[in-house]
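Asks: Input my_file-v4.cif, format and content: mmCIF, C-alpha atoms.
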```cif
data_entry
#
loop_
_atom_site.label_atom_id
_atom_site.label_comp_id
_atom_site.auth_asym_id
_atom_site.auth_seq_id
_atom_site.Cartn_x
_atom_site.Cartn_y
_atom_site.Cartn_z
CA MET A 18 151.50 -156.49 156.53
CA ASN A 19 155.04 -155.30 156.22
CA LEU A 20 156.00 -155.14 152.55
CA GLU A 21 159.74 -155.08 153.26
CA LYS A 22 159.39 -158.28 155.26
CA ILE A 23 157.26 -159.96 152.61
CA LYS A 24 159.74 -158.91 149.95
CA SER A 25 162.69 -160.43 151.79
CA GLU A 26 160.70 -163.60 152.48
CA ILE A 27 159.82 -163.93 148.79
CA GLU A 28 163.43 -163.39 147.78
CA ALA A 29 164.55 -166.06 150.23
CA ALA A 30 161.91 -168.56 149.09
CA VAL A 31 162.15 -168.03 145.34
CA PRO A 32 165.79 -167.53 144.40
CA GLY A 33 166.46 -165.33 141.41
CA CYS A 34 163.12 -163.58 141.39
CA SER A 35 162.82 -159.82 141.13
CA VAL A 36 160.47 -158.04 143.53
CA ARG A 37 160.16 -154.29 143.70
CA ILE A 38 158.13 -152.17 146.11
CA VAL A 39 156.10 -149.36 144.58
CA LEU A 40 155.10 -146.74 147.12
CA ASN A 41 151.71 -145.07 146.93
CA SER A 42 151.94 -141.50 148.14
CA SER A 43 148.17 -140.99 148.39
CA PRO A 44 146.45 -141.06 151.82
CA SER A 45 145.41 -144.69 151.31
CA GLU A 46 149.12 -145.67 151.31
CA GLN A 47 148.30 -148.83 149.45
CA HIS A 48 151.82 -149.81 148.48
CA SER A 49 152.31 -152.64 146.07
CA LEU A 50 154.80 -155.28 144.95
CA VAL A 51 155.90 -155.52 141.33
CA LEU A 52 156.78 -159.09 140.47
CA GLY A 53 159.16 -160.13 137.72
CA ARG A 54 157.47 -162.05 134.92
CA GLU A 55 159.74 -165.11 135.04
CA HIS A 56 159.08 -166.20 138.60
CA ALA A 57 155.64 -164.64 139.18
CA LEU A 58 153.83 -167.97 139.28
CA GLU A 59 156.18 -169.40 141.90
CA VAL A 60 155.91 -166.22 143.96
CA ALA A 61 152.11 -166.40 143.74
CA ARG A 62 152.18 -170.01 144.97
CA PHE A 63 154.42 -168.93 147.85
CA LEU A 64 152.10 -166.05 148.79
CA ARG A 65 149.14 -168.41 148.86
CA ASP A 66 150.76 -171.32 150.69
CA GLU A 67 153.15 -169.70 153.14
CA SER A 68 151.80 -170.31 156.64
CA GLU A 69 152.17 -166.70 157.85
CA LEU A 70 150.66 -165.06 154.76
CA ARG A 71 148.10 -167.57 153.42
CA LEU A 72 146.75 -165.09 150.81
CA ASP A 73 144.11 -167.53 149.67
CA TYR A 74 141.62 -165.10 148.14
CA CYS A 75 142.15 -163.01 145.01
CA SER A 76 139.37 -160.46 145.12
CA ASN A 77 140.16 -158.36 142.10
CA VAL A 78 142.29 -158.34 138.99
CA THR A 79 142.50 -155.34 136.75
CA GLY A 80 144.64 -153.82 134.03
CA VAL A 81 146.42 -150.51 133.59
CA ASP A 82 147.72 -148.99 130.38
CA TRP A 83 150.82 -146.84 130.78
CA LEU A 84 151.62 -144.81 127.70
CA ASP A 85 155.13 -143.82 126.60
CA LYS A 86 156.25 -141.07 128.94
CA GLU A 87 158.59 -138.20 128.22
CA THR A 88 160.08 -136.41 131.20
CA SER A 89 162.26 -133.37 130.88
CA GLU A 90 164.54 -132.07 133.59
CA LYS A 91 166.80 -129.08 133.72
CA VAL A 92 170.44 -129.87 134.39
CA LYS A 93 173.18 -127.34 134.96
CA VAL A 94 176.15 -128.13 132.80
CA LYS A 95 179.51 -126.40 132.72
CA GLN A 96 180.36 -125.27 129.24
CA VAL A 97 183.14 -123.21 127.74
CA VAL A 98 181.54 -120.27 125.96
CA ASP A 99 183.87 -117.76 124.26
CA GLY A 100 186.82 -119.04 126.23
CA VAL A 101 185.05 -118.48 129.57
CA GLU A 102 183.70 -121.37 131.58
CA GLN A 103 180.02 -120.84 132.33
CA GLU A 104 177.17 -122.75 133.90
CA VAL A 105 174.50 -123.34 131.29
CA GLU A 106 171.10 -124.87 131.88
CA GLU A 107 170.33 -127.74 129.60
CA VAL A 108 167.03 -129.57 129.21
CA ARG A 109 167.43 -133.32 129.15
CA LYS A 110 164.59 -135.46 127.92
CA THR A 111 164.20 -139.04 129.01
CA ARG A 112 161.73 -141.28 127.32
CA THR A 113 160.19 -144.10 129.32
CA PRO A 114 158.58 -146.70 127.07
CA GLY A 115 154.99 -147.57 127.89
CA TYR A 116 153.82 -150.92 129.17
CA LEU A 117 150.68 -152.74 130.27
CA GLU A 118 150.14 -153.81 133.82
CA ALA A 119 147.98 -156.37 135.61
CA VAL A 120 147.09 -155.62 139.24
CA TYR A 121 145.98 -158.30 141.69
CA HIS A 122 144.38 -157.62 145.08
CA LEU A 123 145.02 -160.46 147.49
CA TYR A 124 143.41 -161.16 150.85
CA SER A 125 143.62 -163.94 153.37
CA MET A 126 140.36 -165.49 154.54
CA GLU A 127 142.21 -167.63 157.05
CA LYS A 128 144.42 -164.95 158.62
CA LYS A 129 141.90 -162.13 158.07
CA HIS A 130 144.40 -159.75 156.55
CA GLY A 131 144.91 -157.94 153.29
CA PRO A 132 144.88 -156.52 150.78
CA LEU A 133 148.28 -157.15 149.34
CA VAL A 134 148.55 -155.45 145.95
CA VAL A 135 150.65 -157.36 143.46
CA ARG A 136 151.46 -156.11 139.98
CA MET A 137 153.06 -157.53 136.89
CA GLN A 138 154.29 -155.45 133.98
CA THR A 139 154.63 -156.37 130.32
CA GLU A 140 157.69 -155.63 128.24
CA ASP A 141 155.97 -153.04 126.04
CA ARG A 142 152.59 -152.17 124.55
CA ALA A 143 153.03 -153.73 121.11
CA ASP A 144 154.42 -157.26 120.85
CA GLY A 145 155.77 -158.05 124.29
CA VAL A 146 152.39 -158.22 125.99
CA ARG A 147 152.77 -161.63 127.61
CA LEU A 148 152.39 -162.27 131.31
CA PRO A 149 152.11 -165.52 133.26
CA SER A 150 148.55 -166.33 134.23
CA LEU A 151 147.89 -166.61 137.96
CA THR A 152 144.66 -168.55 137.39
CA PRO A 153 146.35 -171.85 138.34
CA VAL A 154 146.96 -170.31 141.79
CA TRP A 155 143.72 -168.33 142.26
CA ARG A 156 140.80 -169.74 140.29
CA SER A 157 138.86 -166.49 140.77
CA ALA A 158 141.28 -164.72 138.42
CA GLU A 159 140.04 -166.69 135.41
CA PHE A 160 137.26 -164.41 134.15
CA GLN A 161 139.06 -161.23 135.17
CA GLU A 162 142.19 -162.20 133.26
CA ARG A 163 139.95 -162.90 130.28
CA GLU A 164 138.49 -159.43 130.68
CA ILE A 165 141.98 -157.88 130.77
CA PHE A 166 142.89 -159.89 127.67
CA ASP A 167 139.75 -158.58 125.99
CA LEU A 168 139.99 -154.92 126.95
CA TYR A 169 143.76 -154.36 127.29
CA GLY A 170 145.24 -157.12 125.13
CA ILE A 171 147.54 -158.71 127.72
CA VAL A 172 148.12 -162.36 126.78
CA PHE A 173 148.13 -164.55 129.89
CA GLU A 174 150.29 -167.61 129.36
CA GLY A 175 149.01 -170.72 131.15
CA HIS A 176 145.42 -169.49 131.28
CA PRO A 177 143.06 -172.46 130.79
CA ASP A 178 140.60 -170.69 128.48
CA LEU A 179 141.86 -167.37 127.16
CA ARG A 180 139.07 -165.97 124.97
CA ARG A 181 137.38 -162.60 124.77
CA ILE A 182 134.70 -162.33 127.44
CA LEU A 183 132.83 -159.05 126.74
CA MET A 184 133.40 -158.19 123.09
CA TRP A 185 132.79 -160.68 120.28
CA ASP A 186 135.55 -163.00 119.06
CA GLU A 187 135.91 -161.24 115.70
CA PHE A 188 136.61 -157.91 117.41
CA GLU A 189 140.23 -156.83 116.95
CA ASP A 190 140.70 -153.76 119.15
CA HIS A 191 141.29 -153.40 122.86
CA PRO A 192 138.83 -150.71 123.97
CA MET A 193 140.34 -149.84 127.36
CA ARG A 194 143.72 -148.96 125.89
CA LYS A 195 144.34 -145.25 125.89
CA ASP A 196 145.05 -145.12 122.16
CA TYR A 197 141.82 -146.93 121.21
CA VAL A 198 139.88 -145.19 118.46
CA GLU A 199 136.19 -146.05 118.53
CA PRO A 200 134.15 -146.32 115.32
CA ASN A 201 133.02 -142.91 114.17
CA ASP A 202 129.26 -143.20 114.55
CA TYR A 203 128.55 -139.80 116.03
CA GLU A 204 124.90 -138.81 116.13
CA TYR A 205 123.32 -135.49 116.92
CA GLU A 206 123.55 -134.55 120.58
CA PRO A 207 121.52 -131.65 121.99
CA THR A 208 124.09 -130.67 124.62
CA PRO A 209 127.54 -131.87 123.54
CA HIS A 210 130.54 -131.32 125.79
CA ASP A 211 134.16 -132.47 126.11
CA ALA A 212 135.03 -135.29 123.72
CA VAL A 213 131.50 -135.34 122.33
CA LEU A 214 131.75 -131.62 121.55
CA GLU A 215 134.87 -132.33 119.48
CA LYS A 216 132.98 -135.02 117.59
CA SER A 217 130.03 -132.72 116.98
CA LYS A 218 132.39 -130.03 115.63
CA GLN A 219 133.91 -132.63 113.31
CA ALA A 220 130.49 -133.69 112.09
CA ARG A 221 129.58 -130.05 111.53
CA THR A 222 132.66 -129.36 109.38
CA LEU A 223 131.99 -132.53 107.38
CA GLU A 224 128.48 -131.36 106.72
CA GLN A 225 129.54 -127.93 105.48
CA MET B 18 78.60 -146.13 108.90
CA ASP B 19 78.03 -143.01 110.91
CA PRO B 20 79.50 -143.58 114.40
CA ASP B 21 76.62 -141.77 116.12
CA LEU B 22 74.13 -144.03 114.38
CA LYS B 23 76.16 -147.03 115.44
CA ILE B 24 76.03 -145.94 119.09
CA GLU B 25 72.32 -145.27 118.79
CA LEU B 26 71.76 -148.71 117.30
CA ARG B 27 73.80 -150.29 120.09
CA ARG B 28 71.53 -148.60 122.63
CA GLN B 29 68.60 -150.25 120.92
CA GLY B 30 70.28 -153.64 121.18
CA ILE B 31 71.50 -153.88 117.60
CA PHE B 32 75.20 -154.55 117.23
CA THR B 33 76.83 -153.64 113.93
CA THR B 34 80.44 -154.19 112.97
CA THR B 35 82.75 -154.75 110.04
CA LEU B 36 85.12 -157.62 109.44
CA GLU B 37 88.04 -155.20 109.78
CA GLU B 38 86.89 -153.99 113.18
CA LEU B 39 86.29 -157.52 114.40
CA TYR B 40 89.64 -158.68 113.13
CA ASN B 41 91.55 -155.78 114.69
CA TRP B 42 89.60 -156.09 117.94
CA GLY B 43 90.60 -159.72 118.16
CA ARG B 44 94.26 -158.95 117.48
CA LYS B 45 94.58 -156.03 119.85
CA SER B 46 92.84 -157.87 122.67
CA SER B 47 95.25 -160.79 122.77
CA VAL B 48 98.72 -159.53 122.07
CA TRP B 49 101.22 -162.11 123.23
CA PRO B 50 104.55 -160.57 124.19
CA LEU B 51 107.84 -162.40 123.98
CA THR B 52 109.50 -163.30 127.30
CA PHE B 53 112.53 -161.20 126.64
CA GLY B 54 114.45 -158.78 128.82
CA LEU B 55 117.92 -157.34 128.49
CA ALA B 56 118.57 -155.15 131.53
CA CYS B 57 116.92 -153.28 134.40
CA CYS B 58 113.91 -152.29 132.23
CA ALA B 59 113.01 -155.98 132.22
CA ILE B 60 112.40 -155.78 135.98
CA GLU B 61 109.82 -153.04 135.37
CA MET B 62 108.32 -155.15 132.58
CA ILE B 63 108.00 -158.09 134.99
CA ALA B 64 106.40 -155.79 137.57
CA THR B 65 103.91 -154.66 134.92
CA THR B 66 102.77 -158.23 134.33
CA MET B 67 102.44 -159.08 138.02
CA ALA B 68 99.42 -158.58 140.27
CA ARG B 69 99.94 -154.92 141.21
CA TYR B 70 99.86 -153.54 137.65
CA ASP B 71 98.45 -156.62 135.91
CA LEU B 72 99.01 -156.21 132.19
CA ALA B 73 96.57 -159.13 131.75
CA ARG B 74 93.74 -156.58 132.03
CA PHE B 75 94.64 -155.52 128.49
CA GLY B 76 94.92 -159.01 127.08
CA ALA B 77 98.66 -159.47 127.26
CA GLU B 78 98.94 -161.98 130.07
CA VAL B 79 100.63 -164.79 128.16
CA PHE B 80 104.31 -164.08 127.77
CA ARG B 81 105.55 -166.68 125.29
CA PRO B 82 108.98 -168.20 125.72
CA SER B 83 109.24 -168.89 121.98
CA PRO B 84 109.39 -166.19 119.29
CA ARG B 85 107.27 -168.45 117.06
CA GLN B 86 104.26 -167.89 119.31
CA ALA B 87 104.71 -164.19 120.09
CA ASP B 88 103.20 -161.07 118.50
CA LEU B 89 105.00 -158.39 120.45
CA MET B 90 108.65 -157.88 121.26
CA ILE B 91 109.26 -155.55 124.20
CA VAL B 92 112.92 -154.54 123.85
CA ALA B 93 113.41 -153.92 127.55
CA GLY B 94 116.91 -152.70 128.26
CA THR B 95 120.35 -151.93 126.88
CA VAL B 96 121.04 -153.51 123.51
CA THR B 97 124.78 -154.11 123.36
CA LYS B 98 126.39 -154.54 119.98
CA LYS B 99 127.14 -158.12 120.93
CA MET B 100 123.44 -158.78 121.63
CA ALA B 101 122.01 -156.89 118.63
CA PRO B 102 122.25 -159.77 116.08
CA GLN B 103 120.37 -162.07 118.47
CA VAL B 104 117.62 -159.47 118.96
CA VAL B 105 117.16 -159.09 115.20
CA ARG B 106 117.22 -162.86 114.74
CA LEU B 107 114.50 -163.31 117.38
CA TYR B 108 112.45 -160.61 115.66
CA ASN B 109 112.86 -162.36 112.30
CA GLN B 110 111.63 -165.59 113.84
CA MET B 111 108.38 -164.05 115.07
CA PRO B 112 105.39 -164.63 112.79
CA GLU B 113 103.55 -161.69 111.24
CA PRO B 114 101.77 -159.56 112.32
CA LYS B 115 104.42 -158.50 114.82
CA TYR B 116 105.03 -155.36 116.79
CA VAL B 117 107.91 -153.84 118.74
CA ILE B 118 107.91 -151.63 121.82
CA ALA B 119 111.32 -150.08 122.54
CA MET B 120 111.31 -149.63 126.30
CA GLY B 121 113.63 -147.22 128.08
CA ALA B 122 116.37 -144.76 127.21
CA CYS B 123 118.87 -147.44 126.14
CA ALA B 124 116.58 -149.25 123.73
CA ILE B 125 115.46 -146.06 122.03
CA SER B 126 118.77 -144.18 121.85
CA GLY B 127 121.60 -145.90 123.70
CA GLY B 128 120.77 -143.86 126.79
CA PRO B 129 123.68 -143.15 129.13
CA PHE B 130 125.87 -145.46 127.05
CA LYS B 131 125.25 -143.61 123.78
CA GLN B 132 128.80 -142.31 123.46
CA GLY B 133 130.34 -145.66 124.31
CA TYR B 134 131.84 -148.20 121.94
CA ASN B 135 129.78 -151.23 122.81
CA VAL B 136 126.12 -150.17 122.94
CA LEU B 137 123.74 -149.78 120.03
CA LYS B 138 122.37 -146.25 119.65
CA GLY B 139 118.80 -147.51 119.53
CA ILE B 140 117.26 -150.77 118.32
CA ASP B 141 115.38 -148.89 115.57
CA ARG B 142 118.58 -149.07 113.51
CA TYR B 143 117.82 -152.73 112.79
CA ILE B 144 114.12 -153.43 113.41
CA PRO B 145 111.02 -151.26 112.93
CA VAL B 146 109.77 -149.93 116.28
CA ASP B 147 106.07 -149.15 116.79
CA VAL B 148 106.16 -147.43 120.18
CA HIS B 149 109.10 -145.78 121.94
CA ILE B 150 108.97 -145.26 125.72
CA PRO B 151 111.47 -142.89 127.31
CA GLY B 152 112.54 -143.33 130.92
CA CYS B 153 115.36 -144.93 132.85
CA PRO B 154 113.68 -147.27 133.54
CA PRO B 155 110.10 -146.32 132.59
CA ARG B 156 107.53 -147.01 135.28
CA PRO B 157 104.99 -149.80 134.74
CA GLU B 158 102.36 -147.13 134.01
CA ALA B 159 104.52 -145.95 131.11
CA LEU B 160 104.72 -149.46 129.69
CA MET B 161 100.94 -149.84 130.03
CA ASP B 162 100.51 -146.50 128.27
CA ALA B 163 102.77 -147.72 125.47
CA PHE B 164 100.76 -150.93 125.29
CA ILE B 165 97.48 -149.05 125.03
CA THR B 166 99.05 -146.82 122.36
CA LEU B 167 99.98 -149.98 120.46
CA GLN B 168 96.44 -151.30 120.82
CA LYS B 169 95.10 -148.07 119.36
CA LYS B 170 97.56 -148.41 116.51
CA ILE B 171 96.46 -151.99 115.81
CA ASP B 172 92.81 -150.95 116.01
CA ALA B 173 93.34 -148.24 113.40
CA GLN B 174 95.07 -150.46 110.86
CA PRO B 175 93.12 -150.76 107.60
CA LEU B 176 93.22 -154.23 106.07
CA THR B 177 93.19 -153.03 102.47
CA GLY B 178 94.61 -150.11 100.56
CA VAL B 179 98.06 -148.59 100.46
CA ASP B 180 98.21 -148.12 104.23
CA ARG B 181 97.63 -151.78 104.98
CA PRO B 182 100.05 -153.34 107.49
CA ARG B 183 103.24 -155.07 106.48
CA HIS B 184 101.93 -158.60 106.88
CA LEU B 185 99.20 -157.98 104.28
CA ASN B 186 101.59 -156.45 101.78
CA ALA B 187 103.67 -159.00 99.90
CA ASP B 188 106.14 -156.35 98.74
CA GLU B 189 107.14 -155.36 102.25
CA PRO B 190 110.03 -157.23 103.85
CA SER B 191 109.21 -159.65 106.63
CA GLU B 192 112.82 -160.32 107.55
CA PHE B 193 115.42 -157.75 108.41
CA VAL B 194 119.15 -157.92 107.91
CA VAL B 195 120.99 -159.53 110.83
CA PRO B 196 124.20 -157.58 111.50
CA GLN B 197 127.48 -159.47 111.49
CA TYR B 198 130.28 -159.08 114.01
CA GLY B 199 133.00 -157.01 112.34
CA ALA B 200 136.60 -156.25 113.28
CA HIS B 201 135.73 -152.86 114.77
CA ASP B 202 131.93 -152.53 114.71
CA LEU B 203 128.79 -154.31 113.58
CA VAL B 204 128.49 -154.76 109.80
CA PRO B 205 126.32 -153.04 108.66
CA ALA B 206 126.25 -150.44 111.46
CA LYS B 207 122.56 -149.78 110.68
CA ASN B 208 119.87 -150.96 108.30
CA PRO B 209 119.71 -148.08 105.77
CA LYS B 210 116.16 -149.06 104.75
CA LEU B 211 114.95 -148.44 108.29
CA TRP B 212 117.35 -145.79 109.47
CA ASN B 213 117.83 -143.20 106.76
CA ILE B 214 117.38 -140.20 108.98
CA ILE B 215 120.13 -137.61 108.48
CA THR B 216 122.14 -138.03 111.64
CA LYS B 217 124.24 -134.92 111.24
CA PRO B 218 122.57 -131.80 112.59
CA THR B 219 121.92 -128.93 110.24
CA SER B 220 123.77 -125.74 111.02
CA LYS B 221 120.46 -124.13 111.97
CA GLU B 222 119.97 -126.77 114.63
CA CYS B 223 123.48 -126.28 115.93
CA MET B 224 122.93 -122.58 116.34
CA ALA B 225 119.55 -122.89 117.98
CA GLY B 226 120.48 -125.98 119.98
CA VAL B 227 116.99 -127.31 119.35
CA ASP B 228 116.07 -130.52 117.58
CA GLU B 229 113.86 -129.46 114.69
CA SER B 230 113.28 -132.94 113.35
CA GLY B 231 109.95 -133.24 115.14
CA LYS B 232 108.48 -130.23 113.36
CA ASP B 233 107.25 -130.30 109.79
#
```
I'd like the structure from this file rewritten - as structure tokens, please.
Replies:
Amino acid sequence: MNLEKIKSEIEAAVPGCSVRIVLNSSPSEQHSLVLGREHALEVARFLRDESELRLDYCSNVTGVDWLDKETSEKVKVKQVVDGVEQEVEEVRKTRTPGYLEAVYHLYSMEKKHGPLVVRMQTEDRADGVRLPSLTPVWRSAEFQEREIFDLYGIVFEGHPDLRRILMWDEFEDHPMRKDYVEPNDYEYEPTPHDAVLEKSKQARTLEQ
Amino acid sequence: MDPDLKIELRRQGIFTTTLEELYNWGRKSSVWPLTFGLACCAIEMIATTMARYDLARFGAEVFRPSPRQADLMIVAGTVTKKMAPQVVRLYNQMPEPKYVIAMGACAISGGPFKQGYNVLKGIDRYIPVDVHIPGCPPRPEALMDAFITLQKKIDAQPLTGVDRPRHLNADEPSEFVVPQYGAHDLVPAKNPKLWNIITKPTSKECMAGVDESGKD
């Protein structure tokens, strides 16, 4: 499966769509395609129906939460200090806003190839959390998209039955998000460590 | 009556008893558990009832599919917060006298999921538990041991006096509060009438690292 080839085929078949290749530098080298939200459904149909690809089986759908990221890099800038031009190092900070991501793993039963990893990214983590549902293309995505909706809060537009699947309907949080704060119901632990140790310290200061 | 005299009389072919003994003997010898399993502990519970371990030897062969006909609820497995209201509701629907065995690490404390957001830290926060069995999952022998422990408990119950069981005391509650699904957690998070144990450790415990609650 050549991603460059698939990318150019998608761009030829679905005009105006945005496809980006994300390289995976780990030994698995499982590179993936990031699809633009607007044309994702058409691209998914193409991936399923195109005679060479025939990715007819969606084995797994999952979510990822990317927090706001701040990267700082040192840049050498020429500045005039006391009338003399000097090279001064300056730290530039760039802030990348966070987003939520849905990841689909696609295989072909007919052609016996795969997986092709396809991702979609939301606008941000607060209000722009809408993505097109791919359930109309792969029926197996239905429950998994519901799970992502439940645990990450991505709203899948076009999903036939978008309800919470694991937590109860009245529940308001999204527990798999990195900024989720669970209810404080710490109870005595004989051997606390890591996050639990922090909680036990908290409980101890409250008690004193 | 002196127990030695009773045994001596029995040797001579004279059987003596009291109404209390007869009543408790009848109850302990035909405890009907509720067909009710939540996770992997339920598999061990099923194994206990089948031919190899055969819980029927102790009079508990009829697992009832309706809470209205059951005396014993074996909470076998992880009680998630989503499932907890249904467990309490089933318990409320059982007729008195009723007993509860909390089977396995999850049912007694939350087990490996204790620090998670979605699992109850023990069913004894909502319903009174008679016997706790540790284990993940407990072996069938452990469940049989718990069952025999329960039988001993039933056998020792006096029918009159201040220590009489709940079903003979009109002042005791027969129904327990069913938690509601809240926005972040169950409401209430525990039944304070049942679970009023101080959950924060004392500083002495923290220093020693030993749970002192078991000692008087």
Asks: Per residue of chain A within 6 Å of chain B, what are the shortest atom pair and its distance in Å to one decimal, counting all atoms listed in the file, with rows by chain and residue number, as JSON lines?
Replies:
```
{"residue": "A:Glu187", "atom": "CA", "partner": "B:Ala200", "partner_atom": "CA", "distance": 5.6}
{"residue": "A:Phe188", "atom": "CA", "partner": "B:Ala200", "partner_atom": "CA", "distance": 4.5}
{"residue": "A:Glu189", "atom": "CA", "partner": "B:Ala200", "partner_atom": "CA", "distance": 5.2}
{"residue": "A:Glu199", "atom": "CA", "partner": "B:Tyr134", "partner_atom": "CA", "distance": 5.9}
{"residue": "A:Glu204", "atom": "CA", "partner": "B:Thr216", "partner_atom": "CA", "distance": 5.3}
{"residue": "A:Tyr205", "atom": "CA", "partner": "B:Pro218", "partner_atom": "CA", "distance": 5.7}
```
Asks: Here's the selection I'm unsure about, the PyMOL selection byres ((chain A and resi 176) around 12); applied to the file above, which residues does it give, as a list of chain:residue names?
Replies: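 Going through the file, the PyMOL selection byres ((chain A and resi 176) around 12) ends up selecting A:Leu58, A:Arg147, A:Leu148, A:Pro149, A:Ser150, A:Leu151, A:Thr152, A:Pro153, A:Val154, A:Trp155, A:Arg156, A:Ser157, A:Ala158, A:Glu159, A:Phe160, A:Gln161, A:Glu162, A:Arg163, A:Phe166, A:Ile171, A:Val172, A:Phe173, A:Glu174, A:Gly175, A:Pro177, A:Asp178, A:Leu179, A:Arg180.
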Asks: Could you list the residues chosen by the PyMOL selection byres ((chain A and resi 80) around 7) in this structure as a PyMOL selection string?
Replies: chain A and resi 79+81-82+118-120+165+169
Asks: Which is closer to A:Gly131 than all the others in A:Leu70, A:Val97, A:Ile182, A:Val51, using all atoms listed in the file?
Replies: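 The answer is A:Leu70, which sits nearest to A:Gly131.
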Asks: Can you list what the PyMOL selection byres ((chain A and resi 122) around 6) grabs from this structure, as a PyMOL selection string?
Replies: chain A and resi 75-77+121+123+132-134
Asks: Store the residues of this selection in a file with C-alpha atoms, as a short mmCIF file (atom, residue, chain, number, x, y, z; two decimals), keeping the file's coordinate frame.
Replies:
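The resulting file, again.cif, is shown below:
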```
data_model
loop_
_atom_site.label_atom_id
_atom_site.label_comp_id
_atom_site.auth_asym_id
_atom_site.auth_seq_id
_atom_site.Cartn_x
_atom_site.Cartn_y
_atom_site.Cartn_z
CA CYS A 75 142.15 -163.01 145.01
CA SER A 76 139.37 -160.46 145.12
CA ASN A 77 140.16 -158.36 142.10
CA TYR A 121 145.98 -158.30 141.69
CA LEU A 123 145.02 -160.46 147.49
CA PRO A 132 144.88 -156.52 150.78
CA LEU A 133 148.28 -157.15 149.34
CA VAL A 134 148.55 -155.45 145.95
#
```
Asks: Just want the 10 Å neighbourhood of B:Val148, counted on all atoms listed in the file, with same-chain residues fewer than 6 positions away dropped. Output as an MDAnalysis selection string.
Replies: chainID B and resid 91 116:120 125 160 162:164 166:167 170
Asks: Those residues you just picked out, can you put them in a file as a PDB file, in the frame of the given file with C-alpha atoms?
Replies:
```pdb
ATOM      1  CA  ILE B  91     109.260-155.550 124.200  1.00  0.00           C
ATOM      2  CA  TYR B 116     105.030-155.360 116.790  1.00  0.00           C
ATOM      3  CA  VAL B 117     107.910-153.840 118.740  1.00  0.00           C
ATOM      4  CA  ILE B 118     107.910-151.630 121.820  1.00  0.00           C
ATOM      5  CA  ALA B 119     111.320-150.080 122.540  1.00  0.00           C
ATOM      6  CA  MET B 120     111.310-149.630 126.300  1.00  0.00           C
ATOM      7  CA  ILE B 125     115.460-146.060 122.030  1.00  0.00           C
ATOM      8  CA  LEU B 160     104.720-149.460 129.690  1.00  0.00           C
ATOM      9  CA  ASP B 162     100.510-146.500 128.270  1.00  0.00           C
ATOM     10  CA  ALA B 163     102.770-147.720 125.470  1.00  0.00           C
ATOM     11  CA  PHE B 164     100.760-150.930 125.290  1.00  0.00           C
ATOM     12  CA  THR B 166      99.050-146.820 122.360  1.00  0.00           C
ATOM     13  CA  LEU B 167      99.980-149.980 120.460  1.00  0.00           C
ATOM     14  CA  LYS B 170      97.560-148.410 116.510  1.00  0.00           C
TER      15      LYS B 170
END
```
Asks: Would you work out the distance separating atom CA of B:Arg106 from atom CA of B:Val194, expressed in Å to one decimal?
Replies: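 Atom CA of B:Val194 lies 8.6 Å from atom CA of B:Arg106.
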Asks: Restricting the calculation to all atoms listed in the file: of B:Glu37, B:Glu25, B:Glu113, B:Glu192, which residue gets closest to B:Ala87?
Replies: B:Glu113
Asks: What box, with edges along x, y and z, holds each listed atom of stretch 133-138 of chain B when 3 Å is added on every side, and can you state its centre and edge lengths in Å to one decimal, as AutoDock Vina command-line options?
Replies:
```
--center_x 127.1 --center_y -148.4 --center_z 122.0 --size_x 15.5 --size_y 11.6 --size_z 10.7
```
Asks: Pick from A:Leu84, A:Ala29, A:Val78, A:Val92: nearest to A:Val108, with all atoms listed in the file counted?
Replies: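 Result for the nearest residue to A:Val108: A:Val92.
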Asks: Please indicate the distance in Å from atom CA of A:Glu164 to atom CA of B:Ala93, rounded to one decimal place.
Replies: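 So the two atoms, atom CA of A:Glu164 and atom CA of B:Ala93, lie 25.9 Å apart.
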Asks: Write out as a PyMOL selection string which residues come within 10 Å of B:Leu51 when counting all atoms listed in the file, dropping same-chain ones fewer than 4 positions away.
Replies: chain B and resi 79-92+107-108+111
Asks: What gap, in Å, lies between atom CA of A:Arg136 and atom CA of A:Trp185?
Replies: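 Taking atom CA of A:Arg136 and atom CA of A:Trp185, their separation equals 27.5 Å.
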Asks: Could you give me, as a PyMOL selection string, the residues within 10 Å of stretch 33-36 of chain A, counting all atoms listed in the file and dropping anything in the same chain fewer than 4 positions from it?
Replies: chain A and resi 23-25+27-29+50-57+59-60+135-137
Asks: What's the 12 Å shell around A:Lys129, counting all atoms listed in the file, without same-chain residues fewer than 4 positions away, as a list in words?
Replies: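 Neighbouring residues, sequence-local ones excluded: Met18, Glu69, Leu70, Arg71, Leu72, Asp73, Tyr74, Leu123, Tyr124, Ser125 and Leu133 of chain A.
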Asks: Env of B:Ile63: 9 Å cut, atoms = all atoms listed in the file, seq-sep filter 5 positions within chain, self excluded. Answer as a ChimeraX atom specification.
Replies: /B:54,58,157
Asks: Pick the closest to B:Phe53 from B:Asn213, B:Asn186, B:Gln103, B:Thr177: which is it, counting only C-alpha atoms?
Replies: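 When distances to B:Phe53 are compared using only C-alpha atoms, the smallest one comes from B:Gln103.
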